[in-house]
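With PDB, C-alpha atoms inside, this is data17.pdb:
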ATOM      1  CA  MET A  73     -26.553  31.743   6.434
ATOM      2  CA  ASP A  74     -24.888  32.396   9.817
ATOM      3  CA  VAL A  75     -22.653  29.363   9.270
ATOM      4  CA  ILE A  76     -21.560  30.672   5.865
ATOM      5  CA  TRP A  77     -20.676  34.058   7.333
ATOM      6  CA  LEU A  78     -18.799  32.337  10.161
ATOM      7  CA  TRP A  79     -16.647  30.330   7.752
ATOM      8  CA  THR A  80     -16.162  33.289   5.402
ATOM      9  CA  GLY A  81     -15.195  35.671   8.192
ATOM     10  CA  PHE A  82     -12.681  33.266   9.689
ATOM     11  CA  ASN A  83     -11.008  32.536   6.344
ATOM     12  CA  LEU A  84     -10.789  36.256   5.543
ATOM     13  CA  PHE A  85      -9.105  36.722   8.920
ATOM     14  CA  VAL A  86      -6.580  33.981   8.068
ATOM     15  CA  ILE A  87      -5.840  35.555   4.667
ATOM     16  CA  LEU A  88      -5.284  38.908   6.373
ATOM     17  CA  LEU A  89      -2.843  37.306   8.828
ATOM     18  CA  LEU A  90      -0.896  35.630   6.015
ATOM     19  CA  ALA A  91      -0.749  38.861   4.001
ATOM     20  CA  LEU A  92       0.446  40.775   7.071
ATOM     21  CA  ASP A  93       3.033  38.090   7.794
ATOM     22  CA  LEU A  94       4.619  37.868   4.350
ATOM     23  CA  GLY A  95       3.913  41.370   3.021
ATOM     24  CA  VAL A  96       4.706  43.477   6.091
ATOM     25  CA  LEU A  97       6.495  41.594   8.870
ATOM     26  CA  HIS A  98       8.794  39.514   6.663
ATOM     27  CA  ARG A  99       9.395  41.396   3.444
ATOM     28  CA  GLY A 100      12.634  40.251   1.868
ATOM     29  CA  ASP A 101      14.851  37.343   2.854
ATOM     30  CA  ARG A 102      16.379  37.568   6.292
ATOM     31  CA  VAL A 103      17.177  35.376   9.242
ATOM     32  CA  ILE A 104      14.428  35.194  11.876
ATOM     33  CA  THR A 105      15.884  35.673  15.348
ATOM     34  CA  VAL A 106      14.842  33.519  18.296
ATOM     35  CA  ARG A 107      13.507  36.609  20.091
ATOM     36  CA  GLU A 108      11.308  37.541  17.130
ATOM     37  CA  ALA A 109      10.146  33.930  16.726
ATOM     38  CA  LEU A 110       9.196  33.723  20.399
ATOM     39  CA  TRP A 111       7.130  36.902  20.170
ATOM     40  CA  LEU A 112       5.420  35.706  16.986
ATOM     41  CA  SER A 113       4.683  32.329  18.541
ATOM     42  CA  PHE A 114       3.292  34.031  21.642
ATOM     43  CA  GLY A 115       1.156  36.296  19.435
ATOM     44  CA  TYR A 116      -0.412  33.349  17.602
ATOM     45  CA  ILE A 117      -1.120  31.608  20.920
ATOM     46  CA  VAL A 118      -2.825  34.767  22.233
ATOM     47  CA  LEU A 119      -4.986  34.941  19.105
ATOM     48  CA  ALA A 120      -5.997  31.301  19.603
ATOM     49  CA  MET A 121      -6.904  31.978  23.249
ATOM     50  CA  ILE A 122      -8.981  35.025  22.267
ATOM     51  CA  PHE A 123     -10.792  32.858  19.720
ATOM     52  CA  ALA A 124     -11.404  30.232  22.418
ATOM     53  CA  VAL A 125     -12.925  32.868  24.711
ATOM     54  CA  GLY A 126     -15.206  33.885  21.849
ATOM     55  CA  LEU A 127     -16.386  30.280  21.503
ATOM     56  CA  PHE A 128     -17.072  30.061  25.246
ATOM     57  CA  VAL A 129     -19.076  33.304  25.162
ATOM     58  CA  PHE A 130     -20.911  33.112  21.836
ATOM     59  CA  MET A 131     -21.259  29.354  21.262
ATOM     60  CA  SER A 132     -21.012  27.095  24.303
ATOM     61  CA  ARG A 133     -18.785  25.870  27.113
ATOM     62  CA  GLU A 134     -18.466  22.535  25.309
ATOM     63  CA  ALA A 135     -17.350  24.198  22.072
ATOM     64  CA  GLY A 136     -14.724  26.198  23.973
ATOM     65  CA  TYR A 137     -13.247  23.127  25.640
ATOM     66  CA  GLU A 138     -13.328  21.172  22.398
ATOM     67  CA  PHE A 139     -11.388  23.929  20.637
ATOM     68  CA  LEU A 140      -8.823  24.228  23.452
ATOM     69  CA  THR A 141      -8.253  20.465  23.562
ATOM     70  CA  GLY A 142      -8.065  20.177  19.782
ATOM     71  CA  TYR A 143      -5.733  23.157  19.533
ATOM     72  CA  PHE A 144      -3.427  21.801  22.228
ATOM     73  CA  ILE A 145      -3.276  18.378  20.580
ATOM     74  CA  GLU A 146      -2.623  19.872  17.137
ATOM     75  CA  LYS A 147      -0.026  22.280  18.540
ATOM     76  CA  SER A 148       1.756  19.408  20.267
ATOM     77  CA  LEU A 149       1.685  17.152  17.215
ATOM     78  CA  SER A 150       3.031  20.002  15.069
ATOM     79  CA  VAL A 151       6.348  19.544  16.888
ATOM     80  CA  ASP A 152       6.533  16.322  14.847
ATOM     81  CA  ASN A 153       6.776  18.503  11.764
ATOM     82  CA  ILE A 154       9.516  20.633  13.309
ATOM     83  CA  PHE A 155      11.767  17.611  13.916
ATOM     84  CA  VAL A 156      11.372  16.675  10.245
ATOM     85  CA  PHE A 157      11.849  20.245   8.961
ATOM     86  CA  VAL A 158      15.147  20.450  10.841
ATOM     87  CA  LEU A 159      16.358  17.222   9.211
ATOM     88  CA  ILE A 160      15.287  18.312   5.708
ATOM     89  CA  PHE A 161      16.826  21.779   5.944
ATOM     90  CA  MET A 162      20.058  20.383   7.396
ATOM     91  CA  HIS A 163      20.356  17.672   4.746
ATOM     92  CA  PHE A 164      19.846  20.027   1.793
ATOM     93  CA  GLY A 165      21.792  22.874   3.359
ATOM     94  CA  VAL A 166      19.020  25.461   3.133
ATOM     95  CA  SER A 167      20.242  28.855   4.335
ATOM     96  CA  PRO A 168      18.294  30.237   7.343
ATOM     97  CA  GLN A 169      17.164  33.319   5.377
ATOM     98  CA  TYR A 170      15.309  31.111   2.879
ATOM     99  CA  GLN A 171      13.780  28.713   5.398
ATOM    100  CA  TYR A 172      10.974  31.118   6.310
ATOM    101  CA  ARG A 173       9.947  31.433   2.652
ATOM    102  CA  VAL A 174       9.767  27.636   2.282
ATOM    103  CA  LEU A 175       7.747  27.320   5.480
ATOM    104  CA  PHE A 176       5.369  30.133   4.451
ATOM    105  CA  TRP A 177       4.385  28.444   1.194
ATOM    106  CA  GLY A 178       4.419  25.101   2.961
ATOM    107  CA  VAL A 179       1.945  26.401   5.546
ATOM    108  CA  LEU A 180      -0.260  27.944   2.846
ATOM    109  CA  GLY A 181      -0.429  24.607   1.038
ATOM    110  CA  ALA A 182      -1.034  22.827   4.343
ATOM    111  CA  LEU A 183      -4.021  25.056   5.142
ATOM    112  CA  ILE A 184      -5.634  24.274   1.786
ATOM    113  CA  MET A 185      -4.967  20.528   1.936
ATOM    114  CA  ARG A 186      -6.030  20.160   5.555
ATOM    115  CA  GLY A 187      -9.214  22.092   4.873
ATOM    116  CA  GLY A 188     -10.069  19.584   2.153
ATOM    117  CA  LEU A 189      -9.198  16.584   4.334
ATOM    118  CA  ILE A 190     -11.336  17.920   7.185
ATOM    119  CA  LEU A 191     -14.374  18.438   4.957
ATOM    120  CA  VAL A 192     -13.983  14.933   3.502
ATOM    121  CA  GLY A 193     -13.452  13.421   6.950
ATOM    122  CA  SER A 194     -16.551  15.130   8.363
ATOM    123  CA  ALA A 195     -18.691  13.950   5.451
ATOM    124  CA  VAL A 196     -17.417  10.356   5.756
ATOM    125  CA  ILE A 197     -18.072  10.224   9.526
ATOM    126  CA  ASP A 198     -21.587  11.642   9.054
ATOM    127  CA  ALA A 199     -22.368   9.050   6.385
ATOM    128  CA  PHE A 200     -20.569   6.072   7.931
ATOM    129  CA  HIS A 201     -20.337   6.254  11.720
ATOM    130  CA  TRP A 202     -18.300   3.032  11.912
ATOM    131  CA  VAL A 203     -15.371   4.894  10.309
ATOM    132  CA  ILE A 204     -14.705   6.318  13.776
ATOM    133  CA  TYR A 205     -13.504   2.855  14.826
ATOM    134  CA  LEU A 206     -11.056   2.810  11.898
ATOM    135  CA  PHE A 207      -9.756   6.268  12.863
ATOM    136  CA  GLY A 208      -9.307   5.204  16.480
ATOM    137  CA  ALA A 209      -7.520   1.970  15.577
ATOM    138  CA  PHE A 210      -5.305   3.865  13.118
ATOM    139  CA  LEU A 211      -4.281   6.366  15.807
ATOM    140  CA  VAL A 212      -3.401   3.590  18.265
ATOM    141  CA  PHE A 213      -1.405   1.764  15.573
ATOM    142  CA  THR A 214       0.417   4.948  14.556
ATOM    143  CA  GLY A 215       1.261   5.826  18.150
ATOM    144  CA  VAL A 216       2.697   2.353  18.796
ATOM    145  CA  LYS A 217       4.658   2.494  15.540
ATOM    146  CA  MET A 218       6.102   5.892  16.523
ATOM    147  CA  LEU A 219       7.232   4.482  19.871
ATOM    148  CA  ILE A 220       8.992   1.598  18.126
ATOM    149  CA  THR A 221      10.716   3.791  15.517
ATOM    150  CA  VAL A 222      11.780   6.684  17.776
ATOM    151  CA  GLY A 223      15.460   5.706  17.555
ATOM    152  CA  GLN A 224      15.610   5.079  13.792
ATOM    153  CA  GLU A 225      17.590   7.540  11.689
ATOM    154  CA  PRO A 226      16.192   8.310   8.212
ATOM    155  CA  ASP A 227      18.396   8.028   5.128
ATOM    156  CA  LEU A 228      17.593  11.241   3.264
ATOM    157  CA  ASP A 229      20.128  10.381   0.564
ATOM    158  CA  LYS A 230      17.674   7.670  -0.522
ATOM    159  CA  ASN A 231      14.483   9.683  -0.121
ATOM    160  CA  ARG A 232      12.152   8.318  -2.815
ATOM    161  CA  VAL A 233      10.428  11.639  -3.526
ATOM    162  CA  ALA A 234      13.669  13.589  -3.944
ATOM    163  CA  MET A 235      15.176  10.822  -6.109
ATOM    164  CA  PHE A 236      12.038  10.745  -8.307
ATOM    165  CA  MET A 237      12.163  14.506  -8.876
ATOM    166  CA  GLN A 238      15.881  14.450  -9.626
ATOM    167  CA  ARG A 239      15.353  11.688 -12.219
ATOM    168  CA  HIS A 240      12.289  13.130 -13.951
ATOM    169  CA  PHE A 241      12.879  16.901 -13.802
ATOM    170  CA  ARG A 242      15.708  19.216 -14.724
ATOM    171  CA  VAL A 243      17.251  20.356 -11.443
ATOM    172  CA  THR A 244      19.856  23.091 -11.048
ATOM    173  CA  GLU A 245      23.090  22.007  -9.384
ATOM    174  CA  ASP A 246      22.880  24.682  -6.690
ATOM    175  CA  PHE A 247      20.352  26.923  -4.998
ATOM    176  CA  ILE A 248      19.538  30.104  -6.896
ATOM    177  CA  GLY A 249      18.649  32.469  -4.087
ATOM    178  CA  ARG A 250      15.011  32.184  -3.041
ATOM    179  CA  GLN A 251      13.824  30.871  -6.416
ATOM    180  CA  PHE A 252      11.889  27.634  -6.778
ATOM    181  CA  PHE A 253      12.267  27.709 -10.572
ATOM    182  CA  ALA A 254      14.978  29.054 -12.872
ATOM    183  CA  ARG A 255      15.409  29.393 -16.623
ATOM    184  CA  GLN A 256      18.839  28.526 -17.973
ATOM    185  CA  ASN A 257      19.672  28.697 -21.696
ATOM    186  CA  GLY A 258      15.974  29.005 -22.415
ATOM    187  CA  VAL A 259      15.115  25.804 -20.494
ATOM    188  CA  LEU A 260      13.037  25.753 -17.305
ATOM    189  CA  TYR A 261      14.631  24.073 -14.286
ATOM    190  CA  ILE A 262      13.477  23.418 -10.758
ATOM    191  CA  THR A 263      15.881  24.286  -7.955
ATOM    192  CA  PRO A 264      16.806  22.196  -4.900
ATOM    193  CA  LEU A 265      14.706  24.673  -2.902
ATOM    194  CA  PHE A 266      11.602  23.454  -4.750
ATOM    195  CA  ILE A 267      12.438  19.848  -3.833
ATOM    196  CA  VAL A 268      12.687  20.968  -0.210
ATOM    197  CA  LEU A 269       9.269  22.653  -0.503
ATOM    198  CA  VAL A 270       7.734  19.451  -1.904
ATOM    199  CA  LEU A 271       9.186  17.434   0.998
ATOM    200  CA  VAL A 272       7.816  19.974   3.496
ATOM    201  CA  GLU A 273       4.352  19.765   1.899
ATOM    202  CA  LEU A 274       4.510  15.966   1.820
ATOM    203  CA  THR A 275       5.487  15.899   5.491
ATOM    204  CA  ASP A 276       2.429  17.918   6.444
ATOM    205  CA  VAL A 277       0.077  15.795   4.339
ATOM    206  CA  VAL A 278       1.383  12.545   5.844
ATOM    207  CA  PHE A 279       1.360  13.879   9.405
ATOM    208  CA  ALA A 280      -2.130  15.313   8.862
ATOM    209  CA  LEU A 281      -3.323  11.719   8.466
ATOM    210  CA  ASP A 282      -2.496  11.368  12.182
ATOM    211  CA  SER A 283      -3.420  14.782  13.527
ATOM    212  CA  ILE A 284      -6.801  15.196  11.805
ATOM    213  CA  PRO A 285      -8.204  11.876  13.107
ATOM    214  CA  ALA A 286      -6.793  12.930  16.500
ATOM    215  CA  ILE A 287      -8.940  16.062  16.543
ATOM    216  CA  PHE A 288     -11.961  14.072  15.349
ATOM    217  CA  SER A 289     -11.558  12.091  18.582
ATOM    218  CA  ILE A 290     -12.413  15.335  20.399
ATOM    219  CA  THR A 291     -15.204  16.682  18.183
ATOM    220  CA  THR A 292     -16.832  16.050  14.816
ATOM    221  CA  ASP A 293     -17.843  19.705  14.394
ATOM    222  CA  PRO A 294     -15.982  20.661  11.171
ATOM    223  CA  PHE A 295     -15.663  24.310  12.234
ATOM    224  CA  ILE A 296     -13.956  23.411  15.530
ATOM    225  CA  VAL A 297     -11.742  20.851  13.786
ATOM    226  CA  TYR A 298     -10.779  23.339  11.074
ATOM    227  CA  THR A 299     -10.119  26.353  13.303
ATOM    228  CA  SER A 300      -8.026  24.406  15.822
ATOM    229  CA  ASN A 301      -5.943  23.042  12.931
ATOM    230  CA  VAL A 302      -5.536  26.470  11.353
ATOM    231  CA  PHE A 303      -4.373  28.188  14.539
ATOM    232  CA  ALA A 304      -1.868  25.396  15.203
ATOM    233  CA  ILE A 305      -0.505  25.536  11.637
ATOM    234  CA  LEU A 306      -0.336  29.354  11.536
ATOM    235  CA  GLY A 307       2.019  29.316  14.503
ATOM    236  CA  LEU A 308       4.145  26.476  13.123
ATOM    237  CA  ARG A 309       6.746  28.665  11.395
ATOM    238  CA  ALA A 310       7.302  30.848  14.450
ATOM    239  CA  LEU A 311       7.517  27.752  16.656
ATOM    240  CA  TYR A 312      10.116  26.261  14.300
ATOM    241  CA  PHE A 313      12.451  29.254  14.574
ATOM    242  CA  ALA A 314      11.897  29.448  18.325
ATOM    243  CA  LEU A 315      12.850  25.792  18.879
ATOM    244  CA  VAL A 316      15.271  24.966  16.049
ATOM    245  CA  GLY A 317      18.366  25.720  18.112
ATOM    246  CA  VAL A 318      17.261  23.633  21.100
ATOM    247  CA  ILE A 319      15.132  20.932  19.476
ATOM    248  CA  HIS A 320      17.754  18.297  20.300
ATOM    249  CA  ARG A 321      17.021  18.877  24.002
ATOM    250  CA  PHE A 322      13.453  17.595  23.558
ATOM    251  CA  HIS A 323      14.283  14.009  22.586
ATOM    252  CA  TYR A 324      11.805  12.520  25.065
ATOM    253  CA  LEU A 325       9.013  14.685  23.654
ATOM    254  CA  LYS A 326       8.784  12.127  20.849
ATOM    255  CA  TYR A 327       7.625   9.554  23.384
ATOM    256  CA  GLY A 328       5.044  11.981  24.743
ATOM    257  CA  LEU A 329       3.663  12.637  21.251
ATOM    258  CA  SER A 330       3.396   8.903  20.607
ATOM    259  CA  LEU A 331       1.491   8.375  23.855
ATOM    260  CA  VAL A 332      -0.869  11.237  22.991
ATOM    261  CA  LEU A 333      -1.787   9.522  19.711
ATOM    262  CA  ILE A 334      -2.391   6.232  21.529
ATOM    263  CA  PHE A 335      -4.531   7.969  24.156
ATOM    264  CA  VAL A 336      -6.725   9.904  21.699
ATOM    265  CA  GLY A 337      -7.148   6.729  19.653
ATOM    266  CA  VAL A 338      -8.334   4.841  22.736
ATOM    267  CA  LYS A 339     -10.615   7.768  23.633
ATOM    268  CA  MET A 340     -12.183   7.663  20.173
ATOM    269  CA  LEU A 341     -12.765   3.889  20.383
ATOM    270  CA  VAL A 342     -14.179   3.966  23.923
ATOM    271  CA  ASN A 343     -16.495   6.920  23.300
ATOM    272  CA  ALA A 344     -17.724   5.389  20.037
ATOM    273  CA  TYR A 345     -18.424   2.077  21.783
ATOM    274  CA  PHE A 346     -20.450   3.640  24.599
ATOM    275  CA  GLY A 347     -22.105   6.160  22.276
ATOM    276  CA  THR A 348     -21.360   9.025  24.646
ATOM    277  CA  LYS A 349     -18.429  11.057  25.951
ATOM    278  CA  PHE A 350     -17.340   8.336  28.399
ATOM    279  CA  ILE A 351     -13.937  10.064  28.475
ATOM    280  CA  PRO A 352     -14.896  13.764  28.702
ATOM    281  CA  THR A 353     -13.138  16.518  26.760
ATOM    282  CA  GLU A 354     -11.848  18.174  29.946
ATOM    283  CA  LEU A 355     -10.131  14.935  31.008
ATOM    284  CA  ALA A 356      -8.629  14.530  27.531
ATOM    285  CA  LEU A 357      -7.209  18.064  27.772
ATOM    286  CA  LEU A 358      -5.699  17.314  31.195
ATOM    287  CA  ILE A 359      -4.128  13.990  30.160
ATOM    288  CA  THR A 360      -2.703  15.472  26.961
ATOM    289  CA  ALA A 361      -1.181  18.354  28.924
ATOM    290  CA  VAL A 362       0.371  15.927  31.439
ATOM    291  CA  LEU A 363       1.856  13.714  28.697
ATOM    292  CA  ILE A 364       3.331  16.604  26.704
ATOM    293  CA  GLY A 365       4.380  18.670  29.700
ATOM    294  CA  GLY A 366       5.865  15.636  31.444
ATOM    295  CA  SER A 367       7.893  14.557  28.406
ATOM    296  CA  MET A 368       9.202  18.112  27.962
ATOM    297  CA  LEU A 369      10.147  18.345  31.640
ATOM    298  CA  ILE A 370      11.948  14.996  31.524
ATOM    299  CA  SER A 371      13.808  16.136  28.400
ATOM    300  CA  ILE A 372      14.920  19.410  29.982
ATOM    301  CA  VAL A 373      16.015  17.759  33.236
ATOM    302  CA  ARG A 374      17.771  14.939  31.359
ATOM    303  CA  THR A 375      19.827  17.391  29.247
ATOM    304  CA  ARG A 376      20.434  20.008  31.937
ATOM    305  CA  ASN A 377      23.998  19.169  32.989
ATOM    306  CA  LEU A 378      25.434  17.290  30.037
ATOM    307  CA  THR A 379      29.078  17.208  29.044
ATOM    308  CA  GLU A 380      30.082  18.224  25.513
ATOM    309  CA  ALA A 381      30.205  14.582  24.428
ATOM    310  CA  GLU A 382      26.769  13.925  25.906
ATOM    311  CA  ARG A 383      25.363  17.044  24.244
ATOM    312  CA  ALA A 384      26.693  15.795  20.911
ATOM    313  CA  ALA A 385      25.020  12.431  21.532
ATOM    314  CA  GLU A 386      21.683  14.105  22.345
ATOM    315  CA  ALA A 387      21.999  16.275  19.231
ATOM    316  CA  GLY A 388      22.482  13.105  17.238
ATOM    317  CA  LYS A 389      19.224  11.731  18.654
ATOM    318  CA  ALA A 390      17.370  14.686  17.126
ATOM    319  CA  GLY A 391      18.073  13.110  13.756
ATOM    320  CA  ALA A 392      16.397   9.883  14.822
ATOM    321  CA  TRP A 393      12.937  10.548  13.450
ATOM    322  CA  TRP A 394      10.878   9.453  10.469
ATOM    323  CA  VAL A 395      10.898  11.508   7.252
ATOM    324  CA  PRO A 396       8.210  10.626   4.654
ATOM    325  CA  GLY A 397       9.742   8.787   1.722
ATOM    326  CA  SER A 398      13.013   8.045   3.504
ATOM    327  CA  PRO A 399      13.983   4.500   4.537
ATOM    328  CA  ALA A 400      15.754   3.958   7.845
ATOM    329  CA  ARG A 401      19.533   4.056   7.654
ATOM    330  CA  SER A 402      20.829   0.516   7.389
ATOM    331  CA  ASP A 403      24.402   1.304   8.431
ATOM    332  CA  LYS A 404      25.248   1.330  12.102
ATOM    333  CA  ALA A 405      27.476   4.370  11.866
ATOM    334  CA  LYS A 406      25.604   7.542  12.652
ATOM    335  CA  ARG A 407      26.414  10.774  10.919
ATOM    336  CA  PRO A 408      28.044  13.411  13.101
ATOM    337  CA  PRO A 409      25.396  15.842  14.341
ATOM    338  CA  ALA A 410      25.167  19.032  12.319
ATOM    339  CA  SER A 411      23.999  22.393  13.531
ATOM    340  CA  PRO A 412      20.541  23.374  12.246
ATOM    341  CA  GLU A 413      21.801  26.890  11.934
TER     342      GLU A 413
END

Let me see the file written as structure tokens.
Amino acid sequence: MDVIWLWTGFNLFVILLLALDLGVLHRGDRVITVREALWLSFGYIVLAMIFAVGLFVFMSREAGYEFLTGYFIEKSLSVDNIFVFVLIFMHFGVSPQYQYRVLFWGVLGALIMRGGLILVGSAVIDAFHWVIYLFGAFLVFTGVKMLITVGQEPDLDKNRVAMFMQRHFRVTEDFIGRQFFARQNGVLYITPLFIVLVLVELTDVVFALDSIPAIFSITTDPFIVYTSNVFAILGLRALYFALVGVIHRFHYLKYGLSLVLIFVGVKMLVNAYFGTKFIPTELALLITAVLIGGSMLISIVRTRNLTEAERAAEAGKAGAWWVPGSPARSDKAKRPPASPE
């Protein structure tokens, strides 16, 4: 019964946060400033830290460290999503005042889908322990693949999902404000904004296939896995608006994220083989922090004193990332970098 109340109370808290976010803090369509985004992002981080303290006090030291490590990994991997969101919004020309609405519904869908994936993953691991080896191998493979494809630019003009929707649904020629659907001459149409929403949701589902096994490398407790995911996803929108203008300066962060996936995959394999926490949670937290912090520091130092031409080149690198459903551009000519604003 205590477990049921724990899950119920946490989900009610999340619903309250979402209602406060959309119904009070962001009523209407407006551009989110960097200052506001930074404060929101800081607020979500503070909430996560308060929750972690609660776990240390009311559950155990181990549970607290597992949450902190899982949260930090999920928060770091969520930057993956931000790179892709920037590319999608730039390609479709989504106005900044409508981006928050897309991300809100995208996050809501992500919370529901990730909750389902976590419950399924927990049940599978409980029933078939050997699945842990598959998860670990998958993480190592994905991390290596990310390292290899860091410099590839996606061809969003040939995105299979967008092309499928444009062929099989009636789509309006232009955006119609904040609407996802529109009725014209008595016929229901979807708008390009709805296609963008579908791509955002698809991005989270695909990237969740990496991030959820990554957190299972830290703990198999479904409550810790779920709450660390939720806190990371809740702060995703604020983090996007805080970083969107400078995301091109974090090119080397992509390498750090890839190495994190490889490391947590190896940790999962090693710990499963020895049947104990051969690589402890505290060490995993430290190594993850060093990889992410180091890649961010290298990125900042590398782009500190660039000329205008070099800045343009670095901005172009921000577009070199994988977007679900999009093949790599086959032409050698790169598109001129566009401002995410």

Using the chain letters and residue numbers of this document, give as a list of chain:residue names the residues selected by the PyMOL selection byres ((chain A and resi 329-332) around 7).
-> A:Leu149, A:Gly215, A:Val216, A:Met218, A:Leu219, A:Leu325, A:Lys326, A:Tyr327, A:Gly328, A:Leu333, A:Ile334, A:Phe335, A:Val336, A:Thr360, A:Leu363, A:Ile364

Applied to this file, what does the PyMOL selection byres ((chain A and resi 154-163) around 10) return in terms of residues, put as number ranges by chain?
-> A: 149-153, 164-168, 170-171, 174-175, 226-229, 265, 268-269, 271-272, 275-276, 308-309, 311-313, 315-317, 319-320, 322-323, 326, 390-396, 409-413

Saved selection, atoms kept: C-alpha atoms, as a PDB file, in the frame of the given file:
ATOM      1  CA  LEU A 149       1.685  17.152  17.215  1.00  0.00           C
ATOM      2  CA  SER A 150       3.031  20.002  15.069  1.00  0.00           C
ATOM      3  CA  VAL A 151       6.348  19.544  16.888  1.00  0.00           C
ATOM      4  CA  ASP A 152       6.533  16.322  14.847  1.00  0.00           C
ATOM      5  CA  ASN A 153       6.776  18.503  11.764  1.00  0.00           C
ATOM      6  CA  PHE A 164      19.846  20.027   1.793  1.00  0.00           C
ATOM      7  CA  GLY A 165      21.792  22.874   3.359  1.00  0.00           C
ATOM      8  CA  VAL A 166      19.020  25.461   3.133  1.00  0.00           C
ATOM      9  CA  SER A 167      20.242  28.855   4.335  1.00  0.00           C
ATOM     10  CA  PRO A 168      18.294  30.237   7.343  1.00  0.00           C
ATOM     11  CA  TYR A 170      15.309  31.111   2.879  1.00  0.00           C
ATOM     12  CA  GLN A 171      13.780  28.713   5.398  1.00  0.00           C
ATOM     13  CA  VAL A 174       9.767  27.636   2.282  1.00  0.00           C
ATOM     14  CA  LEU A 175       7.747  27.320   5.480  1.00  0.00           C
ATOM     15  CA  PRO A 226      16.192   8.310   8.212  1.00  0.00           C
ATOM     16  CA  ASP A 227      18.396   8.028   5.128  1.00  0.00           C
ATOM     17  CA  LEU A 228      17.593  11.241   3.264  1.00  0.00           C
ATOM     18  CA  ASP A 229      20.128  10.381   0.564  1.00  0.00           C
ATOM     19  CA  LEU A 265      14.706  24.673  -2.902  1.00  0.00           C
ATOM     20  CA  VAL A 268      12.687  20.968  -0.210  1.00  0.00           C
ATOM     21  CA  LEU A 269       9.269  22.653  -0.503  1.00  0.00           C
ATOM     22  CA  LEU A 271       9.186  17.434   0.998  1.00  0.00           C
ATOM     23  CA  VAL A 272       7.816  19.974   3.496  1.00  0.00           C
ATOM     24  CA  THR A 275       5.487  15.899   5.491  1.00  0.00           C
ATOM     25  CA  ASP A 276       2.429  17.918   6.444  1.00  0.00           C
ATOM     26  CA  LEU A 308       4.145  26.476  13.123  1.00  0.00           C
ATOM     27  CA  ARG A 309       6.746  28.665  11.395  1.00  0.00           C
ATOM     28  CA  LEU A 311       7.517  27.752  16.656  1.00  0.00           C
ATOM     29  CA  TYR A 312      10.116  26.261  14.300  1.00  0.00           C
ATOM     30  CA  PHE A 313      12.451  29.254  14.574  1.00  0.00           C
ATOM     31  CA  LEU A 315      12.850  25.792  18.879  1.00  0.00           C
ATOM     32  CA  VAL A 316      15.271  24.966  16.049  1.00  0.00           C
ATOM     33  CA  GLY A 317      18.366  25.720  18.112  1.00  0.00           C
ATOM     34  CA  ILE A 319      15.132  20.932  19.476  1.00  0.00           C
ATOM     35  CA  HIS A 320      17.754  18.297  20.300  1.00  0.00           C
ATOM     36  CA  PHE A 322      13.453  17.595  23.558  1.00  0.00           C
ATOM     37  CA  HIS A 323      14.283  14.009  22.586  1.00  0.00           C
ATOM     38  CA  LYS A 326       8.784  12.127  20.849  1.00  0.00           C
ATOM     39  CA  ALA A 390      17.370  14.686  17.126  1.00  0.00           C
ATOM     40  CA  GLY A 391      18.073  13.110  13.756  1.00  0.00           C
ATOM     41  CA  ALA A 392      16.397   9.883  14.822  1.00  0.00           C
ATOM     42  CA  TRP A 393      12.937  10.548  13.450  1.00  0.00           C
ATOM     43  CA  TRP A 394      10.878   9.453  10.469  1.00  0.00           C
ATOM     44  CA  VAL A 395      10.898  11.508   7.252  1.00  0.00           C
ATOM     45  CA  PRO A 396       8.210  10.626   4.654  1.00  0.00           C
ATOM     46  CA  PRO A 409      25.396  15.842  14.341  1.00  0.00           C
ATOM     47  CA  ALA A 410      25.167  19.032  12.319  1.00  0.00           C
ATOM     48  CA  SER A 411      23.999  22.393  13.531  1.00  0.00           C
ATOM     49  CA  PRO A 412      20.541  23.374  12.246  1.00  0.00           C
ATOM     50  CA  GLU A 413      21.801  26.890  11.934  1.00  0.00           C
TER      51      GLU A 413
END

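Considering all atoms listed in the file, the residue among A:Thr263, A:Asn257, A:Ser132, A:Ser289 positioned nearest to A:Gly193 is A:Ser289.
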
Up to 6 Å from (-15.8, 18.4, 27.5) in the file's coordinates: name the residues, counting all atoms listed in the file, as a ChimeraX atom specification.
-> /A:134,137,352-354

For the selection you just gave me, I'd like the residues written to a file as a PDB file, in the frame of the given file, keeping C-alpha atoms.
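Dumped to result_27.pdb:
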ATOM      1  CA  GLU A 134     -18.466  22.535  25.309  1.00  0.00           C
ATOM      2  CA  TYR A 137     -13.247  23.127  25.640  1.00  0.00           C
ATOM      3  CA  PRO A 352     -14.896  13.764  28.702  1.00  0.00           C
ATOM      4  CA  THR A 353     -13.138  16.518  26.760  1.00  0.00           C
ATOM      5  CA  GLU A 354     -11.848  18.174  29.946  1.00  0.00           C
TER       6      GLU A 354
END

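A straight line drawn from atom CA of A:Leu281 to atom CA of A:Ile372 is 29.2 Å long.
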
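Within the file as shown, the PyMOL selection byres ((chain A and resi 293) around 10) identifies Ala135, Glu138, Phe139, Ile190, Ser194, Ile287, Phe288, Ile290, Thr291, Thr292, Pro294, Phe295, Ile296, Val297 and Tyr298 of chain A.
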